[in-house]
$ cat entry_33.txt   # compact mmCIF, C-alpha atoms and all ligand atoms
# COMPACT_ATOMS: atom_id res chain seq x y z
CA MET A 3 106.30 -35.34 -87.16
CA LEU A 4 104.85 -38.09 -84.91
CA ARG A 5 102.07 -36.67 -82.73
CA ILE A 6 101.46 -38.57 -79.48
CA GLY A 7 98.57 -37.87 -77.11
CA LEU A 8 98.44 -39.00 -73.47
CA ILE A 9 94.74 -39.52 -72.88
CA ARG A 10 92.76 -39.11 -69.68
CA GLU A 11 91.64 -42.29 -67.84
CA ARG A 12 87.86 -42.53 -67.91
CA LYS A 13 86.91 -45.81 -66.19
CA LYS A 14 84.36 -45.48 -63.37
CA LEU A 15 87.07 -45.79 -60.74
CA PRO A 16 89.65 -43.77 -62.67
CA ASP A 17 93.20 -45.02 -62.64
CA GLU A 18 95.86 -42.61 -61.42
CA ARG A 19 98.65 -44.08 -63.51
CA VAL A 20 99.91 -42.60 -66.77
CA ALA A 21 102.15 -44.00 -69.51
CA LEU A 22 104.71 -41.16 -69.44
CA THR A 23 105.62 -38.80 -66.59
CA PRO A 24 106.05 -35.06 -67.22
CA HIS A 25 109.81 -35.43 -67.11
CA GLN A 26 109.74 -38.37 -69.54
CA CYS A 27 107.60 -36.36 -72.00
CA ARG A 28 110.18 -33.57 -71.91
CA TYR A 29 113.06 -36.02 -72.26
CA ILE A 30 111.46 -37.70 -75.29
CA MET A 31 110.67 -34.41 -77.04
CA ASP A 32 114.25 -33.20 -76.48
CA LYS A 33 115.75 -36.49 -77.66
CA TYR A 34 113.48 -36.87 -80.71
CA PRO A 35 112.72 -33.46 -82.26
CA ASN A 36 110.29 -35.18 -84.66
CA ILE A 37 108.02 -36.28 -81.78
CA ASN A 38 105.41 -34.00 -80.27
CA ILE A 39 103.46 -34.95 -77.14
CA THR A 40 100.19 -33.39 -75.97
CA VAL A 41 98.44 -34.29 -72.73
CA GLU A 42 94.71 -34.42 -72.14
CA PRO A 43 93.98 -32.69 -68.79
CA SER A 44 92.90 -34.97 -65.94
CA PRO A 45 91.86 -34.35 -62.35
CA ASN A 46 92.80 -37.90 -61.31
CA ARG A 47 96.27 -38.48 -62.71
CA CYS A 48 99.06 -38.88 -60.15
CA PHE A 49 100.96 -36.06 -61.90
CA ALA A 50 99.03 -32.77 -61.97
CA ASP A 51 98.35 -30.99 -65.26
CA ALA A 52 100.55 -28.18 -63.96
CA GLU A 53 103.53 -30.57 -63.74
CA TYR A 54 103.24 -31.28 -67.48
CA MET A 55 102.90 -27.56 -68.19
CA ALA A 56 106.00 -26.88 -66.10
CA GLU A 57 107.93 -29.18 -68.47
CA GLY A 58 106.61 -27.21 -71.45
CA ILE A 59 104.11 -29.91 -72.53
CA THR A 60 100.90 -28.66 -74.16
CA LEU A 61 97.58 -29.62 -72.57
CA SER A 62 94.57 -30.05 -74.84
CA ASN A 63 91.09 -31.55 -74.65
CA ASP A 64 91.21 -32.18 -78.40
CA MET A 65 93.15 -35.30 -79.35
CA THR A 66 91.87 -35.55 -82.93
CA ASP A 67 95.13 -34.34 -84.49
CA ARG A 68 97.21 -37.03 -82.70
CA ASP A 69 98.64 -40.05 -84.58
CA ILE A 70 99.00 -42.22 -81.47
CA LEU A 71 96.89 -42.15 -78.32
CA MET A 72 98.27 -43.69 -75.15
CA GLY A 73 96.28 -44.60 -72.05
CA ILE A 74 96.46 -47.24 -69.32
CA LYS A 75 93.04 -48.89 -68.81
CA GLU A 76 90.22 -49.60 -71.28
CA VAL A 77 88.92 -46.54 -73.17
CA PRO A 78 85.12 -46.13 -73.00
CA ILE A 79 83.60 -46.84 -76.41
CA ASP A 80 82.13 -43.39 -76.96
CA HIS A 81 85.57 -41.86 -76.43
CA LEU A 82 87.35 -43.98 -79.07
CA ILE A 83 88.36 -41.73 -81.98
CA PRO A 84 87.84 -43.67 -85.26
CA GLY A 85 90.90 -44.61 -87.28
CA LYS A 86 93.46 -43.83 -84.55
CA THR A 87 96.30 -45.98 -83.22
CA TYR A 88 95.77 -46.71 -79.53
CA PHE A 89 98.05 -48.17 -76.88
CA PHE A 90 96.39 -49.35 -73.65
CA PHE A 91 95.65 -52.53 -71.69
CA SER A 92 92.53 -53.69 -73.57
CA HIS A 93 92.03 -56.97 -71.64
CA THR A 94 90.54 -58.58 -74.72
CA LYS A 95 93.06 -61.27 -75.68
CA LYS A 96 91.49 -63.86 -73.34
CA LYS A 97 87.99 -62.95 -74.62
CA GLN A 98 87.21 -61.20 -71.35
CA PRO A 99 83.38 -60.95 -71.43
CA HIS A 100 83.24 -57.41 -70.01
CA ASN A 101 85.29 -56.06 -72.94
CA LYS A 102 83.45 -57.75 -75.79
CA ASP A 103 81.64 -54.53 -76.76
CA LEU A 104 84.94 -52.64 -76.66
CA MET A 105 86.51 -55.21 -79.01
CA ARG A 106 83.61 -54.89 -81.44
CA ALA A 107 83.71 -51.09 -81.28
CA MET A 108 87.44 -51.10 -82.05
CA ILE A 109 86.78 -53.16 -85.17
CA GLU A 110 83.86 -50.97 -86.20
CA LYS A 111 85.82 -47.75 -85.65
CA ARG A 112 88.81 -49.18 -87.55
CA ILE A 113 91.10 -48.64 -84.55
CA ARG A 114 94.67 -49.94 -84.68
CA MET A 115 94.91 -51.46 -81.22
CA ILE A 116 98.37 -52.19 -79.84
CA ASP A 117 98.00 -53.84 -76.46
CA TYR A 118 100.79 -53.22 -73.92
CA GLU A 119 100.24 -56.72 -72.55
CA CYS A 120 101.09 -58.21 -75.95
CA LEU A 121 104.38 -56.33 -76.45
CA THR A 122 107.01 -59.03 -76.10
CA HIS A 123 110.65 -59.63 -76.92
CA SER A 124 111.18 -62.43 -79.43
CA ASP A 125 111.59 -64.94 -76.54
CA GLU A 126 108.01 -64.02 -75.53
CA GLN A 127 109.05 -62.19 -72.34
CA ARG A 128 106.79 -59.20 -71.81
CA ILE A 129 108.35 -55.78 -72.32
CA LEU A 130 105.95 -53.64 -70.29
CA GLY A 131 103.94 -54.17 -67.18
CA PHE A 132 103.31 -53.07 -63.64
CA GLY A 133 104.18 -56.44 -62.06
CA MET A 134 107.28 -55.13 -60.29
CA TYR A 135 105.21 -52.57 -58.36
CA ALA A 136 102.45 -55.11 -57.73
CA GLY A 137 105.14 -57.22 -56.04
CA ILE A 138 106.50 -54.31 -54.01
CA VAL A 139 103.09 -53.14 -52.79
CA GLY A 140 101.82 -56.71 -52.29
CA ALA A 141 104.81 -57.67 -50.14
CA HIS A 142 104.46 -54.44 -48.16
CA ASN A 143 100.75 -55.12 -47.57
CA GLY A 144 101.54 -58.67 -46.46
CA LEU A 145 104.05 -57.45 -43.88
CA LEU A 146 101.72 -54.66 -42.75
CA THR A 147 98.94 -57.22 -42.25
CA TYR A 148 101.19 -59.56 -40.24
CA GLY A 149 102.30 -56.72 -37.96
CA ARG A 150 98.76 -55.54 -37.38
CA LYS A 151 97.27 -59.01 -36.86
CA HIS A 152 99.79 -59.76 -34.13
CA GLY A 153 100.02 -56.24 -32.65
CA LEU A 154 103.77 -56.29 -33.34
CA TYR A 155 104.47 -53.20 -35.45
CA GLU A 156 102.71 -50.63 -37.63
CA LEU A 157 103.55 -49.75 -41.22
CA PRO A 158 101.94 -46.98 -43.28
CA PRO A 159 99.63 -48.17 -46.10
CA ALA A 160 101.43 -47.73 -49.43
CA HIS A 161 98.67 -45.50 -50.83
CA LYS A 162 99.17 -43.07 -47.94
CA VAL A 163 102.80 -42.30 -48.85
CA LYS A 164 104.20 -40.52 -51.89
CA SER A 165 106.75 -43.08 -53.02
CA TYR A 166 108.45 -46.42 -52.45
CA GLN A 167 111.33 -44.42 -50.95
CA ASP A 168 108.99 -43.40 -48.11
CA LEU A 169 108.19 -47.07 -47.44
CA ILE A 170 111.90 -47.90 -47.41
CA HIS A 171 112.33 -45.10 -44.91
CA ALA A 172 109.56 -46.60 -42.73
CA TYR A 173 111.37 -49.99 -42.79
CA GLU A 174 114.35 -48.44 -40.99
CA ALA A 175 112.21 -48.17 -37.83
CA ILE A 176 110.98 -51.79 -37.96
CA LYS A 177 112.71 -54.76 -36.40
CA MET A 178 111.07 -57.77 -37.98
CA PRO A 179 110.32 -60.72 -35.68
CA ASN A 180 112.03 -64.01 -36.57
CA ILE A 181 109.34 -65.15 -38.94
CA LYS A 182 109.58 -67.39 -42.01
CA ILE A 183 108.27 -66.22 -45.37
CA VAL A 184 107.73 -68.10 -48.63
CA VAL A 185 107.89 -66.13 -51.87
CA THR A 186 106.49 -67.89 -54.96
CA GLY A 187 106.76 -66.98 -58.64
CA SER A 188 109.47 -66.22 -61.14
CA GLY A 189 108.27 -63.11 -62.95
CA LYS A 190 108.14 -59.38 -62.34
CA VAL A 191 105.86 -59.70 -59.32
CA ALA A 192 108.39 -61.97 -57.60
CA SER A 193 111.21 -59.50 -58.31
CA GLY A 194 109.19 -56.75 -56.61
CA VAL A 195 108.63 -58.96 -53.56
CA LEU A 196 112.34 -59.84 -53.41
CA ASP A 197 113.20 -56.15 -53.47
CA VAL A 198 111.12 -55.53 -50.33
CA MET A 199 112.77 -58.55 -48.65
CA ARG A 200 116.18 -57.02 -49.37
CA GLN A 201 115.14 -53.57 -48.14
CA LEU A 202 114.10 -55.13 -44.82
CA ASP A 203 117.30 -57.20 -44.56
CA ILE A 204 115.28 -60.40 -44.46
CA GLU A 205 117.76 -63.19 -45.11
CA GLN A 206 117.23 -65.52 -48.08
CA VAL A 207 117.75 -69.22 -47.37
CA GLU A 208 117.64 -72.30 -49.58
CA PRO A 209 114.34 -74.23 -49.61
CA MET A 210 115.90 -77.30 -47.93
CA ASP A 211 117.44 -75.19 -45.12
CA TYR A 212 114.14 -73.36 -44.72
CA LEU A 213 112.32 -76.65 -44.22
CA THR A 214 114.79 -78.10 -41.74
CA HIS A 215 116.08 -75.13 -39.68
CA GLN A 216 114.64 -72.62 -37.23
CA TYR A 217 116.30 -69.20 -37.21
CA GLU A 218 116.80 -66.41 -34.68
CA TYR A 219 116.18 -63.80 -37.37
CA PRO A 220 113.59 -63.37 -40.16
CA VAL A 221 114.17 -65.43 -43.30
CA PHE A 222 112.50 -66.08 -46.63
CA THR A 223 112.84 -68.71 -49.29
CA HIS A 224 112.04 -68.21 -52.94
CA LEU A 225 110.18 -71.07 -54.62
CA LYS A 226 110.33 -71.12 -58.42
CA GLY A 227 108.87 -73.65 -60.88
CA GLY A 228 111.20 -76.54 -60.06
CA ASP A 229 110.80 -76.03 -56.28
CA LEU A 230 107.01 -75.99 -56.50
CA TYR A 231 106.06 -78.58 -59.10
CA ALA A 232 107.16 -82.06 -60.17
CA ARG A 233 105.86 -84.43 -62.82
CA LYS A 234 103.44 -86.96 -61.39
CA ASP A 235 105.12 -89.85 -63.27
CA ASN A 236 108.84 -89.20 -62.66
CA ASP A 237 109.18 -86.33 -60.15
CA MET A 238 111.14 -84.24 -62.69
CA PHE A 239 110.60 -80.60 -63.69
CA HIS A 240 111.15 -79.22 -67.20
CA ARG A 241 110.01 -75.64 -67.72
CA ASP A 242 108.77 -76.00 -71.30
CA ASP A 243 107.05 -79.30 -70.57
CA PHE A 244 105.41 -77.73 -67.49
CA HIS A 245 104.12 -74.79 -69.54
CA ALA A 246 102.76 -77.17 -72.20
CA HIS A 247 101.33 -79.86 -69.89
CA PRO A 248 100.81 -78.36 -66.43
CA GLU A 249 98.11 -80.94 -65.67
CA MET A 250 100.86 -83.63 -65.59
CA TYR A 251 102.47 -81.93 -62.58
CA LYS A 252 101.77 -82.10 -58.85
CA CYS A 253 102.41 -79.22 -56.44
CA LEU A 254 105.04 -79.58 -53.69
CA PHE A 255 103.94 -76.66 -51.52
CA SER A 256 102.41 -78.88 -48.84
CA ALA A 257 105.83 -79.34 -47.17
CA TYR A 258 105.99 -75.60 -46.43
CA VAL A 259 102.67 -75.00 -44.67
CA ASN A 260 103.99 -75.99 -41.24
CA GLN A 261 107.15 -73.90 -41.58
CA THR A 262 105.73 -70.62 -42.88
CA ASP A 263 104.23 -67.53 -41.25
CA ILE A 264 103.60 -65.46 -44.40
CA LEU A 265 103.03 -66.64 -47.96
CA MET A 266 103.74 -64.04 -50.64
CA ASN A 267 102.18 -65.56 -53.77
CA GLY A 268 103.30 -64.25 -57.17
CA ILE A 269 102.95 -67.27 -59.48
CA TYR A 270 101.33 -67.37 -62.90
CA TRP A 271 98.30 -69.64 -62.56
CA GLU A 272 95.62 -71.14 -64.78
CA GLN A 273 92.97 -73.85 -64.24
CA ARG A 274 95.23 -76.70 -65.45
CA ILE A 275 97.92 -75.90 -62.84
CA ALA A 276 97.67 -77.60 -59.43
CA ARG A 277 96.74 -75.25 -56.58
CA LEU A 278 99.29 -74.52 -53.83
CA PHE A 279 96.98 -76.28 -51.35
CA GLU A 280 93.35 -77.29 -51.03
CA LYS A 281 90.80 -75.54 -48.81
CA ASP A 282 90.63 -78.33 -46.23
CA ASP A 283 94.41 -78.22 -45.76
CA ILE A 284 94.02 -75.08 -43.65
CA LYS A 285 92.37 -77.29 -41.02
CA ARG A 286 95.62 -79.27 -40.59
CA HIS A 287 96.77 -79.20 -36.94
CA ASP A 288 100.31 -78.26 -38.05
CA TRP A 289 99.17 -75.47 -40.39
CA ARG A 290 101.28 -72.37 -39.52
CA ILE A 291 100.54 -69.74 -42.22
CA ARG A 292 98.82 -66.69 -40.70
CA VAL A 293 98.95 -64.22 -43.59
CA ILE A 294 98.73 -64.70 -47.34
CA ALA A 295 99.55 -61.82 -49.66
CA ASP A 296 97.92 -63.27 -52.79
CA ILE A 297 99.45 -60.95 -55.34
CA SER A 298 98.60 -63.30 -58.24
CA CYS A 299 95.04 -62.73 -57.06
CA ASP A 300 93.26 -65.43 -59.07
CA VAL A 301 89.91 -65.80 -57.32
CA ASP A 302 89.54 -69.44 -56.24
CA GLY A 303 92.85 -70.06 -57.99
CA SER A 304 96.27 -71.13 -56.68
CA VAL A 305 95.10 -69.96 -53.23
CA PRO A 306 91.62 -71.53 -52.88
CA ILE A 307 90.70 -69.30 -49.93
CA THR A 308 91.04 -66.16 -52.05
CA TYR A 309 87.26 -65.99 -52.13
CA ASP A 310 87.25 -62.61 -53.83
CA SER A 311 89.59 -59.84 -54.78
CA THR A 312 89.80 -56.87 -52.42
CA THR A 313 90.22 -53.11 -52.78
CA ILE A 314 92.90 -50.61 -51.81
CA ALA A 315 90.43 -49.10 -49.32
CA ASP A 316 89.57 -52.47 -47.74
CA PRO A 317 92.46 -54.77 -48.64
CA VAL A 318 92.27 -57.69 -46.19
CA PHE A 319 89.74 -60.29 -45.06
CA GLY A 320 90.07 -63.15 -42.61
CA VAL A 321 89.22 -66.83 -43.09
CA ASP A 322 88.27 -69.05 -40.17
CA ARG A 323 90.35 -72.25 -40.28
CA ASN A 324 87.57 -74.41 -38.88
CA SER A 325 84.49 -73.18 -40.70
CA LEU A 326 86.40 -71.99 -43.82
CA GLN A 327 84.12 -68.95 -43.68
CA GLN A 328 85.14 -65.37 -44.26
CA VAL A 329 85.61 -63.41 -40.98
CA ALA A 330 86.96 -60.04 -39.85
CA PRO A 331 90.69 -59.49 -40.49
CA PHE A 332 93.43 -58.73 -37.95
CA LEU A 333 92.19 -61.13 -35.27
CA ASN A 334 95.19 -62.16 -33.19
CA THR A 335 94.37 -65.85 -33.15
CA LYS A 336 95.77 -69.03 -34.68
CA ASP A 337 92.27 -69.86 -35.89
CA THR A 338 92.22 -67.33 -38.70
CA ILE A 339 94.30 -66.57 -41.78
CA ASP A 340 94.34 -63.06 -43.22
CA ILE A 341 94.24 -62.74 -47.00
CA MET A 342 95.37 -59.65 -48.89
CA ALA A 343 94.01 -59.88 -52.45
CA VAL A 344 94.03 -56.35 -53.90
CA ASP A 345 93.76 -56.65 -57.69
CA ASN A 346 95.15 -53.21 -58.61
CA LEU A 347 98.17 -53.04 -56.34
CA PRO A 348 100.40 -50.82 -58.53
CA ASN A 349 97.80 -48.08 -58.19
CA GLU A 350 98.87 -47.68 -54.55
CA LEU A 351 102.16 -46.18 -55.76
CA PRO A 352 101.00 -44.65 -59.06
CA CYS A 353 103.86 -42.19 -59.54
CA ASP A 354 106.60 -44.80 -59.07
CA ALA A 355 104.71 -47.37 -61.14
CA SER A 356 104.20 -44.85 -63.98
CA GLN A 357 107.85 -43.83 -63.90
CA TYR A 358 108.93 -47.50 -64.15
CA PHE A 359 106.49 -48.14 -67.00
CA GLY A 360 107.55 -45.02 -68.95
CA VAL A 361 111.24 -45.87 -68.72
CA HIS A 362 110.62 -49.24 -70.35
CA PHE A 363 108.31 -47.72 -72.95
CA GLU A 364 110.94 -45.16 -73.92
CA LYS A 365 113.78 -47.69 -74.04
CA TYR A 366 112.14 -50.63 -75.78
CA VAL A 367 108.88 -49.56 -77.45
CA LEU A 368 109.41 -46.03 -78.70
CA PRO A 369 112.23 -47.06 -81.09
CA GLU A 370 109.81 -49.65 -82.50
CA VAL A 371 107.13 -46.99 -82.95
CA LEU A 372 109.64 -45.01 -85.00
CA SER A 373 110.71 -47.98 -87.09
CA PRO A 374 108.78 -48.58 -90.35
CA ASN A 375 108.50 -52.36 -89.89
CA SER A 376 108.45 -53.42 -86.27
CA ASP A 377 107.91 -57.08 -85.47
CA ILE A 378 107.32 -56.20 -81.83
CA LEU A 379 104.44 -53.87 -82.73
CA ARG A 380 103.09 -56.29 -85.33
CA ARG A 381 102.90 -59.09 -82.74
CA ALA A 382 101.07 -56.78 -80.29
CA THR A 383 98.54 -55.36 -82.76
CA ILE A 384 95.20 -56.99 -82.08
CA CYS A 385 93.21 -55.26 -84.81
CA GLN A 386 93.53 -52.64 -87.51
CA ASP A 387 91.62 -51.43 -90.57
CA GLY A 388 88.43 -53.03 -89.29
CA LYS A 389 89.94 -56.54 -89.02
CA LEU A 390 91.73 -58.72 -86.51
CA THR A 391 95.38 -59.34 -87.32
CA LYS A 392 96.39 -62.90 -88.16
CA LYS A 393 97.72 -63.75 -84.68
CA TYR A 394 94.41 -62.69 -83.08
CA GLU A 395 91.99 -64.28 -85.57
CA TYR A 396 90.98 -66.68 -82.81
CA LEU A 397 89.00 -63.71 -81.41
CA SER A 398 86.70 -63.64 -84.48
CA ASP A 399 83.50 -64.71 -82.69
CA TYR A 400 84.26 -62.48 -79.73
CA ALA A 401 84.89 -59.54 -82.07
CA GLY A 402 81.63 -60.15 -83.93
CA LEU A 403 83.40 -61.25 -87.10
CA ALA A 404 82.00 -64.58 -88.19
CA HIS A 405 84.79 -65.26 -90.63
CA GLN A 406 87.38 -62.82 -91.86
CA GLY A 407 90.48 -62.41 -93.95
CA SER A 408 93.41 -61.19 -91.87
CA ALA A 409 94.59 -57.58 -91.72
N1 LIG B 501 97.29 -58.02 -57.88
C1 LIG B 501 97.75 -57.20 -58.81
O1 LIG B 501 97.54 -55.99 -58.77
C2 LIG B 501 98.60 -57.76 -59.92
C3 LIG B 501 99.35 -56.89 -60.72
C4 LIG B 501 100.19 -57.44 -61.70
C5 LIG B 501 100.21 -58.82 -61.90
N2 LIG B 501 99.41 -59.62 -61.15
C6 LIG B 501 99.39 -61.09 -61.37
O2 LIG B 501 100.57 -61.68 -60.83
C7 LIG B 501 100.92 -62.85 -61.57
C8 LIG B 501 102.39 -62.82 -61.97
O3 LIG B 501 102.63 -61.66 -62.76
P1 LIG B 501 104.09 -61.27 -63.31
O4 LIG B 501 104.01 -59.83 -63.70
O5 LIG B 501 105.14 -61.70 -62.36
O6 LIG B 501 104.15 -62.14 -64.61
P2 LIG B 501 105.41 -62.28 -65.58
O7 LIG B 501 104.85 -62.33 -66.96
O8 LIG B 501 106.48 -61.31 -65.26
O9 LIG B 501 105.96 -63.72 -65.16
C9 LIG B 501 105.20 -64.88 -65.33
C10 LIG B 501 106.10 -66.03 -64.94
O10 LIG B 501 105.29 -67.20 -64.89
C11 LIG B 501 105.94 -68.22 -65.63
N3 LIG B 501 104.93 -69.11 -66.24
C12 LIG B 501 104.60 -70.30 -65.77
N4 LIG B 501 103.71 -70.90 -66.56
C13 LIG B 501 103.43 -70.08 -67.54
C14 LIG B 501 102.57 -70.14 -68.66
N5 LIG B 501 101.83 -71.21 -68.96
N6 LIG B 501 102.50 -69.06 -69.45
C15 LIG B 501 103.23 -67.97 -69.18
N7 LIG B 501 104.08 -67.86 -68.13
C16 LIG B 501 104.18 -68.92 -67.31
C17 LIG B 501 106.79 -67.50 -66.67
O11 LIG B 501 107.90 -68.27 -67.00
C18 LIG B 501 107.22 -66.23 -65.95
O12 LIG B 501 108.42 -66.43 -65.27
C19 LIG B 501 99.97 -62.88 -62.77
O13 LIG B 501 98.94 -63.76 -62.48
C20 LIG B 501 99.42 -61.47 -62.83
O14 LIG B 501 98.11 -61.43 -63.38
C21 LIG B 501 98.63 -59.13 -60.15
$ encode --input "entry_33.txt" --output "structure tokens"
Amino acid sequence: MLRIGLIRERKKLPDERVALTPHQCRYIMDKYPNINITVEPSPNRCFADAEYMAEGITLSNDMTDRDILMGIKEVPIDHLIPGKTYFFFSHTKKKQPHNKDLMRAMIEKRIRMIDYECLTHSDEQRILGFGMYAGIVGAHNGLLTYGRKHGLYELPPAHKVKSYQDLIHAYEAIKMPNIKIVVTGSGKVASGVLDVMRQLDIEQVEPMDYLTHQYEYPVFTHLKGGDLYARKDNDMFHRDDFHAHPEMYKCLFSAYVNQTDILMNGIYWEQRIARLFEKDDIKRHDWRIRVIADISCDVDGSVPITYDSTTIADPVFGVDRNSLQQVAPFLNTKDTIDIMAVDNLPNELPCDASQYFGVHFEKYVLPEVLSPNSDILRRATICQDGKLTKKYEYLSDYAGLAHQGSA
């Protein structure tokens, strides 16, 4: 029997998401009679304890008999049960300073840590994530902000509705003005943004048409790697070369700033990659962008006027184009740009996001959990038996292990 426990989220601002919905727990227990799932009660989860009970799932505050414990965000150190296998987003693989103590505690408590973020197919594509819902909510927030800034239409905030379906319903009552939108990125975030574009019947056009035509209806163009970057020496784009040597590439976004009303940014970004524009560019007399939904949300990153991340409660700030200073949002003037930079977007639609996550866990990860020798789990295991695994030995200093043999 494999005993799984769904643990309660305990971060200061508790997350409402959960790895498996009540219905998914029931489905898994019916499909695999050798799996038993118990749920730790929680007052904050988007599915009530009673919904798990209604599916015949046991609730318990005692998780010590479980083989595998599944959460979403970092588990507080004093709640880590020694020797257990945990699945959650540990945010340790980039040596994030705020999780150094957690990393050390996991080693000390001989935890087997399997990080959702590190679960990949053999081509390195991630198996699990909430990017799709970050894209959906981020695009929605961007459109909401544009409507409010210009007094054109009102949309309900995503966290005030029950599901994405309710947002889609709200779109039926909106006639979008003939604006132009750029969508950047090629991952799960971008697919979420594209879904919202489709739901609103916003027409997709090719980048060249976008740059050279004006339309009587709303349009968007989708800029992927080759549309956004070119090698400085020969103007070419090769994906693998770009990933290996991003500093050799220049960004081509400048051509779009005088043709775009909303930028929906969903790119992967790191310091070596050129920004989409520089701060002073927003002073350009032909600058047209009024709203930026910075879903990537790298502070001072690809969007240099993302001065800070924002919250679900207070999602938007303005930036004055002349002073470059932060100002109030929703001012109906050409002199300001509104930035939406919420860093936990999927939490605005926690039930839908959890459902999406659980489906992928059940399809692609659970069979691996049941297999005696899973490469997928091996690659995603950061530590076990008091040691880092070979792939993560580069975390030795961070984990407080001066020099170790691999687990
Ligand atoms: N604001 C939020 O709440 C929120 C939520 C989820 C994700 N995000 C952010 O959005 C961004 C995009 O996320 P996603 O889920 O679409 O990512 P993803 O993993 O689905 O896609 C990343 C894409 O970037 C490309 N890429 C370019 N250079 C790369 C490199 N050096 N290494 C790896 N991939 C590279 C990949 O080919 C891939 O297509 C990320 O920065 C992520 O942190 C924000």
$ residues_around --input "entry_33.txt" --residues "range 378-390 of chain A" --least-positions-apart "3" --cutoff "7 Å" --atoms "only C-alpha atoms" --output "list of chain:residue names"
A:Ile109, A:Glu110, A:Lys111, A:Arg112, A:Ile113, A:Arg114, A:Met115, A:Ile116, A:Asp117, A:Cys120, A:Leu121, A:Thr122, A:His123, A:Glu370, A:Tyr394, A:Glu395, A:Ser408, A:Ala409
$ axis_aligned_box --input "entry_33.txt" --around "ligand LIG 501 (chain B)" --padding-each-side "8 Å" --output "JSON"
{"center_x": 102.9, "center_y": -63.6, "center_z": -63.7, "size_x": 27.1, "size_y": 31.2, "size_z": 27.6}
$ residues_near_point --input "entry_33.txt" --point "(106.2, -45.9, -70.9)" --cutoff "9 Å" --atoms "all atoms listed in the file" --output "VMD selection string"
chain A and resid 20 to 23 26 130 356 to 365 367 to 368
$ residues_near_ligand --input "entry_33.txt" --ligand "ligand LIG 501 (chain B)" --cutoff "7 Å" --atoms "all atoms listed in the file" --output "PyMOL selection string"
chain A and resi 127-128+131-134+136+187-192+245-246+268-271+297-300+343-348
$ write_last_selection --input "entry_33.txt" --atoms "C-alpha atoms" --output "PDB file, in the coordinates of the input"
ATOM      1  CA  GLN A 127     109.050 -62.190 -72.340  1.00  0.00           C
ATOM      2  CA  ARG A 128     106.790 -59.200 -71.810  1.00  0.00           C
ATOM      3  CA  GLY A 131     103.940 -54.170 -67.180  1.00  0.00           C
ATOM      4  CA  PHE A 132     103.310 -53.070 -63.640  1.00  0.00           C
ATOM      5  CA  GLY A 133     104.180 -56.440 -62.060  1.00  0.00           C
ATOM      6  CA  MET A 134     107.280 -55.130 -60.290  1.00  0.00           C
ATOM      7  CA  ALA A 136     102.450 -55.110 -57.730  1.00  0.00           C
ATOM      8  CA  GLY A 187     106.760 -66.980 -58.640  1.00  0.00           C
ATOM      9  CA  SER A 188     109.470 -66.220 -61.140  1.00  0.00           C
ATOM     10  CA  GLY A 189     108.270 -63.110 -62.950  1.00  0.00           C
ATOM     11  CA  LYS A 190     108.140 -59.380 -62.340  1.00  0.00           C
ATOM     12  CA  VAL A 191     105.860 -59.700 -59.320  1.00  0.00           C
ATOM     13  CA  ALA A 192     108.390 -61.970 -57.600  1.00  0.00           C
ATOM     14  CA  HIS A 245     104.120 -74.790 -69.540  1.00  0.00           C
ATOM     15  CA  ALA A 246     102.760 -77.170 -72.200  1.00  0.00           C
ATOM     16  CA  GLY A 268     103.300 -64.250 -57.170  1.00  0.00           C
ATOM     17  CA  ILE A 269     102.950 -67.270 -59.480  1.00  0.00           C
ATOM     18  CA  TYR A 270     101.330 -67.370 -62.900  1.00  0.00           C
ATOM     19  CA  TRP A 271      98.300 -69.640 -62.560  1.00  0.00           C
ATOM     20  CA  ILE A 297      99.450 -60.950 -55.340  1.00  0.00           C
ATOM     21  CA  SER A 298      98.600 -63.300 -58.240  1.00  0.00           C
ATOM     22  CA  CYS A 299      95.040 -62.730 -57.060  1.00  0.00           C
ATOM     23  CA  ASP A 300      93.260 -65.430 -59.070  1.00  0.00           C
ATOM     24  CA  ALA A 343      94.010 -59.880 -52.450  1.00  0.00           C
ATOM     25  CA  VAL A 344      94.030 -56.350 -53.900  1.00  0.00           C
ATOM     26  CA  ASP A 345      93.760 -56.650 -57.690  1.00  0.00           C
ATOM     27  CA  ASN A 346      95.150 -53.210 -58.610  1.00  0.00           C
ATOM     28  CA  LEU A 347      98.170 -53.040 -56.340  1.00  0.00           C
ATOM     29  CA  PRO A 348     100.400 -50.820 -58.530  1.00  0.00           C
TER      30      PRO A 348
END
$ atom_distance --input "entry_33.txt" --atom1 "CA of Ser398 in chain A" --atom2 "CA of Pro99 in chain A"
13.7 Å
$ closest_residue --input "entry_33.txt" --among "A:Thr308, A:Thr186, A:Thr335, A:Thr214" --to "Ile264 in chain A" --atoms "only C-alpha atoms"
A:Thr186
